[in-house]
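Asks: Structure: coords_4.cif, mmCIF, C-alpha atoms.
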```
data_entry
loop_
_atom_site.label_atom_id
_atom_site.label_comp_id
_atom_site.auth_asym_id
_atom_site.auth_seq_id
_atom_site.Cartn_x
_atom_site.Cartn_y
_atom_site.Cartn_z
CA MET A 1 -1.75 163.45 16.03
CA LEU A 2 -0.12 166.62 14.71
CA TYR A 3 1.71 164.61 12.07
CA ALA A 4 -1.58 163.06 10.94
CA PHE A 5 -3.17 166.51 10.82
CA PHE A 6 -0.27 167.83 8.74
CA ASN A 7 -0.67 164.99 6.26
CA TRP A 8 -4.42 165.63 6.16
CA LEU A 9 -3.74 169.25 5.25
CA VAL A 10 -1.46 168.19 2.41
CA ASN A 11 -4.24 165.97 1.12
CA VAL A 12 -6.89 168.69 1.50
CA VAL A 13 -4.76 171.22 -0.34
CA GLY A 14 -3.94 168.65 -2.99
CA ASP A 15 -7.56 167.58 -3.45
CA MET A 16 -9.24 171.01 -3.26
CA GLY A 17 -6.37 172.86 -4.89
CA TYR A 18 -6.23 176.60 -4.60
CA ALA A 19 -9.79 176.77 -3.24
CA GLY A 20 -8.60 174.61 -0.33
CA ILE A 21 -5.76 177.04 0.39
CA ALA A 22 -8.15 180.00 0.32
CA LEU A 23 -10.64 178.25 2.62
CA LEU A 24 -8.03 177.19 5.16
CA MET A 25 -6.40 180.63 5.17
CA PHE A 26 -9.81 182.23 5.63
CA ILE A 27 -10.25 180.11 8.76
CA GLU A 28 -6.68 180.87 9.88
CA SER A 29 -7.20 184.60 9.45
CA THR A 30 -10.23 184.71 11.74
CA PHE A 31 -10.08 184.14 15.50
CA ILE A 32 -10.01 180.34 15.02
CA PRO A 33 -6.53 179.11 16.07
CA LEU A 34 -5.45 177.30 12.89
CA PRO A 35 -1.71 177.99 12.39
CA SER A 36 -0.80 179.20 8.92
CA GLU A 37 2.39 177.15 9.33
CA LEU A 38 0.19 174.09 8.82
CA VAL A 39 -1.54 175.46 5.74
CA ILE A 40 0.90 177.14 3.36
CA PRO A 41 4.08 175.00 3.69
CA PRO A 42 2.23 171.94 2.33
CA ALA A 43 1.31 174.06 -0.69
CA GLY A 44 4.97 175.07 -1.00
CA TYR A 45 5.86 171.39 -0.97
CA LEU A 46 3.32 170.77 -3.74
CA ILE A 47 4.95 173.59 -5.74
CA SER A 48 8.26 171.71 -5.50
CA GLN A 49 6.45 168.62 -6.80
CA LYS A 50 5.13 170.60 -9.81
CA GLN A 51 1.54 170.08 -8.63
CA MET A 52 0.95 173.79 -7.93
CA ASN A 53 2.49 177.09 -8.98
CA TRP A 54 3.75 180.11 -7.06
CA SER A 55 1.26 182.65 -8.38
CA GLY A 56 -1.73 180.44 -7.59
CA VAL A 57 -0.58 179.71 -4.04
CA LEU A 58 0.24 183.36 -3.34
CA PHE A 59 -3.09 184.57 -4.73
CA ALA A 60 -5.19 181.93 -2.95
CA GLY A 61 -3.37 182.32 0.36
CA THR A 62 -3.56 186.11 0.27
CA ALA A 63 -7.21 186.13 -0.81
CA GLY A 64 -8.19 183.73 1.96
CA SER A 65 -6.32 185.80 4.53
CA LEU A 66 -7.99 188.99 3.32
CA LEU A 67 -11.48 187.49 3.45
CA GLY A 68 -10.90 186.24 6.99
CA ALA A 69 -9.60 189.65 8.02
CA ILE A 70 -12.66 191.34 6.51
CA PHE A 71 -14.84 188.95 8.51
CA ASN A 72 -13.14 190.09 11.73
CA TYR A 73 -13.30 193.73 10.62
CA ALA A 74 -17.06 193.46 10.07
CA ILE A 75 -17.58 191.88 13.50
CA ALA A 76 -15.69 194.76 15.10
CA VAL A 77 -17.62 197.42 13.17
CA TYR A 78 -21.15 196.07 13.58
CA LEU A 79 -20.91 194.30 16.95
CA GLY A 80 -17.77 195.33 18.83
CA ARG A 81 -17.93 199.07 18.35
CA PRO A 82 -21.56 199.56 19.51
CA PHE A 83 -20.93 197.25 22.47
CA ILE A 84 -17.82 199.13 23.63
CA LEU A 85 -19.42 202.55 23.20
CA LYS A 86 -22.43 201.44 25.24
CA TYR A 87 -20.92 199.15 27.87
CA GLY A 88 -17.18 199.89 27.77
CA LYS A 89 -17.35 202.13 30.84
CA TYR A 90 -18.36 199.12 32.91
CA PHE A 91 -15.14 197.37 31.89
CA GLY A 92 -12.83 200.33 32.47
CA VAL A 93 -12.89 201.55 28.86
CA ALA A 94 -14.09 205.14 28.94
CA GLU A 95 -15.37 206.69 25.72
CA SER A 96 -12.51 209.21 25.83
CA HIS A 97 -9.97 206.39 25.91
CA PHE A 98 -11.76 204.68 23.06
CA LYS A 99 -11.67 207.88 21.01
CA LYS A 100 -7.92 208.26 21.59
CA GLY A 101 -7.34 204.71 20.44
CA GLU A 102 -9.57 205.36 17.47
CA GLN A 103 -7.60 208.47 16.49
CA PHE A 104 -4.31 206.62 16.85
CA PHE A 105 -5.42 203.79 14.59
CA GLN A 106 -6.89 206.15 12.04
CA SER A 107 -3.52 207.94 11.87
CA HIS A 108 -1.25 204.90 12.06
CA GLY A 109 -3.55 202.08 11.01
CA SER A 110 -1.74 201.41 7.73
CA ILE A 111 1.59 200.41 9.23
CA SER A 112 -0.13 198.78 12.22
CA THR A 113 -2.20 196.57 9.92
CA PHE A 114 0.73 195.66 7.67
CA ILE A 115 3.08 194.76 10.52
CA GLY A 116 0.33 193.08 12.51
CA ARG A 117 -0.22 190.59 9.68
CA LEU A 118 3.40 189.47 10.02
CA ILE A 119 3.60 188.84 13.76
CA LEU A 120 2.51 185.61 15.43
CA GLY A 121 -0.30 186.10 17.93
CA ILE A 122 -1.26 189.46 16.43
CA ARG A 123 -2.07 188.63 12.81
CA HIS A 124 -5.32 186.91 13.81
CA TYR A 125 -6.63 189.88 15.80
CA ILE A 126 -5.23 193.05 14.20
CA SER A 127 -8.45 193.40 12.17
CA PHE A 128 -10.48 194.03 15.33
CA PRO A 129 -8.90 197.38 16.29
CA ALA A 130 -9.02 198.37 12.61
CA GLY A 131 -12.75 197.70 12.58
CA LEU A 132 -13.36 199.38 15.93
CA ALA A 133 -11.60 202.50 14.64
CA ARG A 134 -13.42 202.24 11.30
CA MET A 135 -10.15 202.41 9.43
CA ASN A 136 -10.56 203.35 5.77
CA PHE A 137 -11.73 200.07 4.23
CA LYS A 138 -9.68 200.35 1.03
CA LYS A 139 -6.52 201.03 3.01
CA PHE A 140 -7.37 198.17 5.37
CA CYS A 141 -7.72 195.75 2.46
CA PHE A 142 -4.53 196.98 0.77
CA TYR A 143 -2.25 196.75 3.81
CA THR A 144 -3.84 193.51 4.99
CA SER A 145 -3.21 191.97 1.58
CA ALA A 146 0.36 193.28 1.48
CA GLY A 147 1.24 191.84 4.88
CA ALA A 148 -0.54 188.57 4.19
CA ALA A 149 1.20 188.18 0.83
CA VAL A 150 4.63 188.57 2.44
CA TRP A 151 3.83 185.95 5.09
CA VAL A 152 2.31 183.52 2.58
CA TRP A 153 5.41 183.82 0.39
CA ILE A 154 7.71 183.12 3.35
CA LEU A 155 5.77 180.02 4.37
CA ALA A 156 5.52 178.74 0.80
CA TYR A 157 9.26 179.29 0.42
CA ILE A 158 9.85 177.24 3.59
CA GLY A 159 7.62 174.42 2.37
CA PHE A 160 9.27 174.46 -1.06
CA PHE A 161 12.75 173.82 0.35
CA VAL A 162 11.98 171.92 3.57
CA GLY A 163 9.28 169.63 2.20
CA ASN A 164 6.50 168.06 4.25
CA ASN A 165 8.63 167.51 7.36
CA LYS A 166 6.56 169.18 10.07
CA GLU A 167 9.40 169.42 12.63
CA LYS A 168 11.65 171.24 10.16
CA VAL A 169 8.77 173.44 8.99
CA PHE A 170 8.05 174.68 12.51
CA ALA A 171 11.74 175.10 13.33
CA VAL A 172 12.43 177.13 10.19
CA SER A 173 9.19 179.11 10.65
CA LYS A 174 10.32 180.15 14.14
CA GLN A 175 13.68 181.21 12.73
CA TRP A 176 12.00 183.27 10.01
CA SER A 177 9.66 184.79 12.61
CA VAL A 178 12.73 186.23 14.31
CA TYR A 179 13.89 187.73 11.00
CA VAL A 180 10.41 189.14 10.37
CA ILE A 181 10.22 190.73 13.83
CA ALA A 182 13.66 192.27 13.33
CA GLY A 183 12.59 193.64 9.94
CA CYS A 184 9.33 194.99 11.41
CA SER A 185 11.28 196.71 14.19
CA LEU A 186 13.44 198.49 11.64
CA LEU A 187 10.35 199.43 9.66
CA VAL A 188 8.70 200.90 12.76
CA LEU A 189 11.81 202.92 13.58
CA ALA A 190 11.93 204.23 10.01
CA TYR A 191 8.21 205.09 10.20
CA ILE A 192 8.66 206.97 13.50
CA PHE A 193 11.59 208.92 12.04
CA TRP A 194 9.60 209.72 8.88
CA HIS A 195 6.52 210.71 10.85
CA LYS A 196 8.45 213.03 13.17
CA LYS A 197 10.18 214.61 10.18
CA LYS A 198 6.84 215.05 8.42
CA THR A 199 5.06 216.54 11.45
CA PRO A 200 5.87 220.26 11.82
CA SER A 201 7.44 221.34 15.10
CA LYS A 202 5.21 223.34 17.47
CA SER A 203 8.14 225.32 18.86
#
```
Kindly return the structure encoded in the file as structure tokens.

Replies:
Amino acid sequence: MLYAFFNWLVNVVGDMGYAGIALLMFIESTFIPLPSELVIPPAGYLISQKQMNWSGVLFAGTAGSLLGAIFNYAIAVYLGRPFILKYGKYFGVAESHFKKGEQFFQSHGSISTFIGRLILGIRHYISFPAGLARMNFKKFCFYTSAGAAVWVWILAYIGFFVGNNKEKVFAVSKQWSVYVIAGCSLLVLAYIFWHKKKTPSKS
């Protein structure tokens, strides 16, 4: 069934073109569990077949991801935040705890959003804490787009060289996920070092 679904995605992307990529990545970027590994690699394969180009795929994939993230952000701002502030105490989320989380994300939301877009299981939901904390919307869009663009490029690169072989696509995607996590870990360490150096000592 998965193989048939993969082939269907290739056909959808081929028939709808870049609009199809944007639509599918919009869905993938919300809380609906549609793996991006099933969306972008087929487009990468079509690039190798000269039926699409890199700039179009990167733009459509990133734009779709951003729109889906904004959708989640809006849900968090207009529905999630009022709900937590009013009823959070009944679920063990005191307003003081919420405020601390809000302050943390307002201070470190940029790197959190960028890295969150690159990690499996987090990229779909990182927009919710950003919305709850009312992260600066322009920064949210910028770092969401940056992280999404990196991930779209990686998946398109995989599809370009692996082709439409779903087993190889998933295997190589898992391998690249390890590389991405390692790179994100180094980035976090560098950010912590920079932040400590930037923050004046209280001694």

Asks: So, with all atoms listed in the file as the atoms that count, which of A:Asn53, A:Ser173, A:Ser185, A:Gln106 lies closest to Phe140 in chain A?

Replies: A:Gln106

Asks: Between CA of Lys138 in chain A and CA of Gly183 in chain A, what is the distance, to one decimal in Å?

Replies: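 Distance between the two atoms: 24.9 Å.
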
Asks: Under the rule that all atoms listed in the file are counted, which of A:Met25, A:Val188, A:Lys99, A:Leu67 is the nearest residue to Ser112 in chain A?

Replies: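 Result for the nearest residue to Ser112 in chain A: A:Val188.
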
Asks: Kindly indicate which residue among A:Gln175, A:Lys168, A:Pro129, A:Ile111 lies nearest to Ile192 in chain A, using all atoms listed in the file for the distances.

Replies: A:Ile111

Asks: For Gly163 in chain A, which of A:Ser48, A:Leu189, A:His124, A:Cys184 is the closest residue, counting only C-alpha atoms?

Replies: A:Ser48

Asks: Evaluate the PyMOL selection byres ((chain A and resi 68) around 9) against this structure - the residues, as a list in words, please.

Replies: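 On the file shown, the PyMOL selection byres ((chain A and resi 68) around 9) covers Met25, Phe26, Ile27, Glu28, Ser29, Thr30, Phe31, Ala63, Gly64, Ser65, Leu66, Leu67, Ala69, Ile70, Phe71, Asn72, Tyr73 and His124 of chain A.
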
Asks: Could you list the residues chosen by the PyMOL selection byres ((chain A and resi 133) around 12) in this structure as a ChimeraX atom specification?

Replies: /A:73-74,76-78,80-82,84-85,98-109,126-132,134-137,140

Asks: In Å, with one decimal, what is the gap from CA of Leu23 in chain A to CA of Val57 in chain A?

Replies: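 Calculated distance between CA of Leu23 in chain A and CA of Val57 in chain A is 12.2 Å.
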
Asks: If you apply the PyMOL selection byres ((chain A and resi 159-161) around 9) to this file, what residues do you get, as a list in words?

Replies: Ile40, Pro41, Pro42, Ala43, Gly44, Tyr45, Leu46, Ile47, Ser48, Gln49, Ile154, Leu155, Ala156, Tyr157, Ile158, Val162, Gly163, Asn164, Asn165 and Val169 of chain A

Asks: Enter the distance from CA of Ile122 in chain A to CA of Val178 in chain A, in Å, rounded to one decimal.

Replies: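 Computed distance, CA of Ile122 in chain A to CA of Val178 in chain A, equals 14.5 Å.
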
Asks: Counting all atoms listed in the file, which of A:Met52, A:Ile75, A:Ala149, A:Val180 gets nearest to Tyr125 in chain A?

Replies: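 Selected residue with least distance to Tyr125 in chain A: A:Ile75.
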
Asks: Could you tell me which of A:Ala171, A:Leu34, A:Leu186, A:Ile21 comes closest to Gly121 in chain A if we count only C-alpha atoms?

Replies: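 Counting only C-alpha atoms, the residue closest to Gly121 in chain A is A:Leu34.
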